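Student: This structure is in structure tokens; I'll ask about it shortly.
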Amino acid sequence: MATDNLVQTPPPHLRSKEQTAVAMRDVLIALAPVTIAALVAFTYNALFVIAVCVGSCMFFEWAVRKLRKKKVTLRDGSAAVTGLLLALLMPAQIHWLNMIIASFIAIVVIKELMGGLGRNIFNPALFGYVFIITCSGILASWTGHLGFLSAGFDGVTGATPLAFIGPGLESMGPSYGSLLFANYGGAISEVGAFWVLLGGAYLIYRKVIGWVIPTTILATVFVLSYIVGSDGLYQILAGGVMLGAFFMATDWVSSPMFTWGQVIFGLIIGVCIVLIRVFGAPTGAVAYSIIIGNCFVPLLDKVFKPKRFGEVVAA
């Protein structure tokens with residue numbers, strides 16, 4: 001058979017019309033329900049947090065790419081998505097400088113200095129958030145001196161739903177209905193798990209994300225919580241489990257590529273969430289758990305990498 005007319009081209013051979021900007025647009029649409037709910041619940045407090053985080057992330061991406069003499073990529077929407085996710089992780093009242101620091105860590109350190117979009121090993125928004133809650137004691141000691149520049153908004157007082165995490169404590173916390181539709185304690189995204197679930201369903205419908213990672217995380221948290229004597233349904237409705245499962249853990253870059261790797265990844269995150277919440281400090285448990293899961297991604301991709309088509313196995 002003659003092969004003179006065969007045309008050889010470099011990979012990838014399977015191409016798609018989907019672009020990063022389209023996917024980021026879908027994420028913004030998916031985040032619309034919980035964002036609107038947060039604006040209704042916290043009004044101008046939430047608006048201020050969202051404006052500062054989104055504006056800071058977009059500015060830092062523009063500035064660092066200009067300094068590195070690289071093409072500005074604001075049009076792809078990734079900086080706006082990072083900023084909005086970061087804002088949704090924040091409480092209704094937080095010093096503006098903390099938000100700017102978190103945005104700097106997320107965009108400059110985790111995203112751009114690691115090579116730009118597609119090369120970061122951690123979720124940028126989560127890492128920025130984890131940085132400020134880990135360093136909260138240090139930051140509070142000097143951001144407090146800038147109180148004259150503080151927004152001065154009213155915060156939410158009282159125990160958050162996470163304060164009732166633990167064997168026998170969940171019955172003292174908010175009802176399932178409140179956690180699902182109208183909870184006003186904690187981060188501004190914690191105004192109702194239903195609004196996050198609605199956005200997650202949209203992302204799965206649009207095939208922006210798969211169902212394996214979020215389903216595995218939620219199932220693991222639900223089952224393991226009952227094993228350790230906690231309320232599994234309360235666990236998945238309270239805090240940021242829904243937001244983490246659908247919007248953070250499913251990040252294309254920092255999650256495994258293959259199905260069984262995604263299953264193990266979800267199991268790691270789900271187990272860590274429950275253990276940290278029940279036996280440690282519940283604040284930031286979801287964020288820490290996903291960061292821990294991100295560390296295993298290179299190994300999971302290597303272990304569960306499928307055989308190449310036509311590969312001959314050595315004897």
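Just so we're on the same page: first chain in the structure tokens is A, next is B, and so on; residues restart at 1 for each chain, and ligands are numbered from 1 in the order they show up.
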Once you count only C-alpha atoms, what closest atom pair and distance in Å to one decimal does each residue of region 44-130 of chain A within 9 Å of region 288-299 of chain A have, with rows by chain and rising residue number, as a tab-separated table?

Tutor:
```
residue	atom	partner	partner_atom	distance
A:Ile121	CA	A:Asn294	CA	6.6
A:Phe122	CA	A:Asn294	CA	5.9
A:Asn123	CA	A:Ile291	CA	7.4
A:Leu126	CA	A:Ile291	CA	7.5
A:Phe127	CA	A:Ile291	CA	7.3
A:Val130	CA	A:Tyr288	CA	7.0
```

Student: Just write the chosen residues, C-alpha atoms, as an mmCIF file, in the first residue's frame.

Tutor:
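Ended up saving to out.cif:
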```cif
data_model
loop_
_atom_site.group_PDB
_atom_site.id
_atom_site.type_symbol
_atom_site.label_atom_id
_atom_site.label_comp_id
_atom_site.auth_asym_id
_atom_site.auth_seq_id
_atom_site.Cartn_x
_atom_site.Cartn_y
_atom_site.Cartn_z
ATOM 1 C CA ILE A 121 -0.530 23.237 40.625
ATOM 2 C CA PHE A 122 -2.862 24.822 43.204
ATOM 3 C CA ASN A 123 -6.193 26.555 42.795
ATOM 4 C CA LEU A 126 -8.108 28.836 47.374
ATOM 5 C CA PHE A 127 -4.414 29.390 47.956
ATOM 6 C CA VAL A 130 -5.638 29.904 52.778
#
```

Student: Pick out the closest residue to Arg75 (chain A) from this set: A:Val274, A:Val22, A:Ala281, A:Leu97. Count only C-alpha atoms.

Tutor: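 When distances to Arg75 (chain A) are compared using only C-alpha atoms, the smallest one comes from A:Val22.
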
Student: For region 208-224 of chain A, please output as a ChimeraX atom specification all residues within 6 Å (counting only C-alpha atoms; exclusion window: fewer than 5 positions along the same chain).

Tutor: /A:203,232,245-246,262,266,270

Student: For those residues, write N, CA and C atoms to a file as a PDB file, in the first residue's frame.

Tutor:
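This is the output file result30.pdb:
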```
ATOM      1  N   LEU A 203     -22.827  23.757  35.259  1.00  0.00           N
ATOM      2  CA  LEU A 203     -21.492  23.438  34.744  1.00  0.00           C
ATOM      3  C   LEU A 203     -21.416  22.009  34.231  1.00  0.00           C
ATOM      4  N   GLY A 232     -24.131  13.750  58.470  1.00  0.00           N
ATOM      5  CA  GLY A 232     -23.603  13.852  57.115  1.00  0.00           C
ATOM      6  C   GLY A 232     -24.286  14.901  56.276  1.00  0.00           C
ATOM      7  N   ALA A 245     -16.591  21.586  46.156  1.00  0.00           N
ATOM      8  CA  ALA A 245     -16.767  20.375  45.353  1.00  0.00           C
ATOM      9  C   ALA A 245     -17.015  20.690  43.881  1.00  0.00           C
ATOM     10  N   PHE A 246     -17.827  21.719  43.603  1.00  0.00           N
ATOM     11  CA  PHE A 246     -18.211  22.011  42.223  1.00  0.00           C
ATOM     12  C   PHE A 246     -17.327  23.044  41.530  1.00  0.00           C
ATOM     13  N   GLN A 262      -9.457  10.840  39.547  1.00  0.00           N
ATOM     14  CA  GLN A 262     -10.442  11.778  40.067  1.00  0.00           C
ATOM     15  C   GLN A 262     -11.197  11.197  41.259  1.00  0.00           C
ATOM     16  N   GLY A 266     -11.112  12.830  44.908  1.00  0.00           N
ATOM     17  CA  GLY A 266     -12.314  13.178  45.659  1.00  0.00           C
ATOM     18  C   GLY A 266     -12.349  12.531  47.029  1.00  0.00           C
ATOM     19  N   GLY A 270     -12.575  14.531  50.520  1.00  0.00           N
ATOM     20  CA  GLY A 270     -13.696  14.268  51.415  1.00  0.00           C
ATOM     21  C   GLY A 270     -13.267  13.794  52.789  1.00  0.00           C
TER      22      GLY A 270
END
```

Student: Check the DSSP output for the backbone and give back, as a PyMOL selection string, the residues of region 43-254 of chain A in helix (DSSP H, G or I).

Tutor: chain A and resi 44-67+74-76+78-89+96-112+124-134+136-149+161-164+170-172+176-181+193-205+212-227+232-237+241-248

Student: What does the distance between CA of Leu180 (chain A) and CA of Leu237 (chain A) come to in Å, to one decimal place?

Tutor: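 According to the coordinates, CA of Leu180 (chain A) and CA of Leu237 (chain A) are separated by 6.4 Å.
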
Student: If you count only C-alpha atoms, which residues fall within 8 Å of Ile264 (chain A), apart from same-chain ones fewer than 4 positions away, as a ChimeraX atom specification?

Tutor: /A:260,268,300

Student: Can you tell me which residues surround Lys70 (chain A) at a distance of at most 12 Å, considering only C-alpha atoms, apart from same-chain residues fewer than 4 positions away, and format the answer as a list in words?

Tutor: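 Near Lys70 (chain A), the qualifying residues are Glu61, Trp62, Ala63, Val64, Arg65, Lys66, Leu74, Glu112, Gly115 and Gly116 of chain A.
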
Student: As an exercise, work out the distance from CA of Pro124 (chain A) to CA of Ala106 (chain A) in Å and give it to one decimal place.

Tutor: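 Atom-to-atom, CA of Pro124 (chain A) to CA of Ala106 (chain A), that is 4.3 Å.
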
Student: For Gly118 (chain A), which residue among A:Ala201, A:Cys135, A:Val253, A:Met172 is the nearest when counting only C-alpha atoms?

Tutor: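 Result for the nearest residue to Gly118 (chain A): A:Val253.
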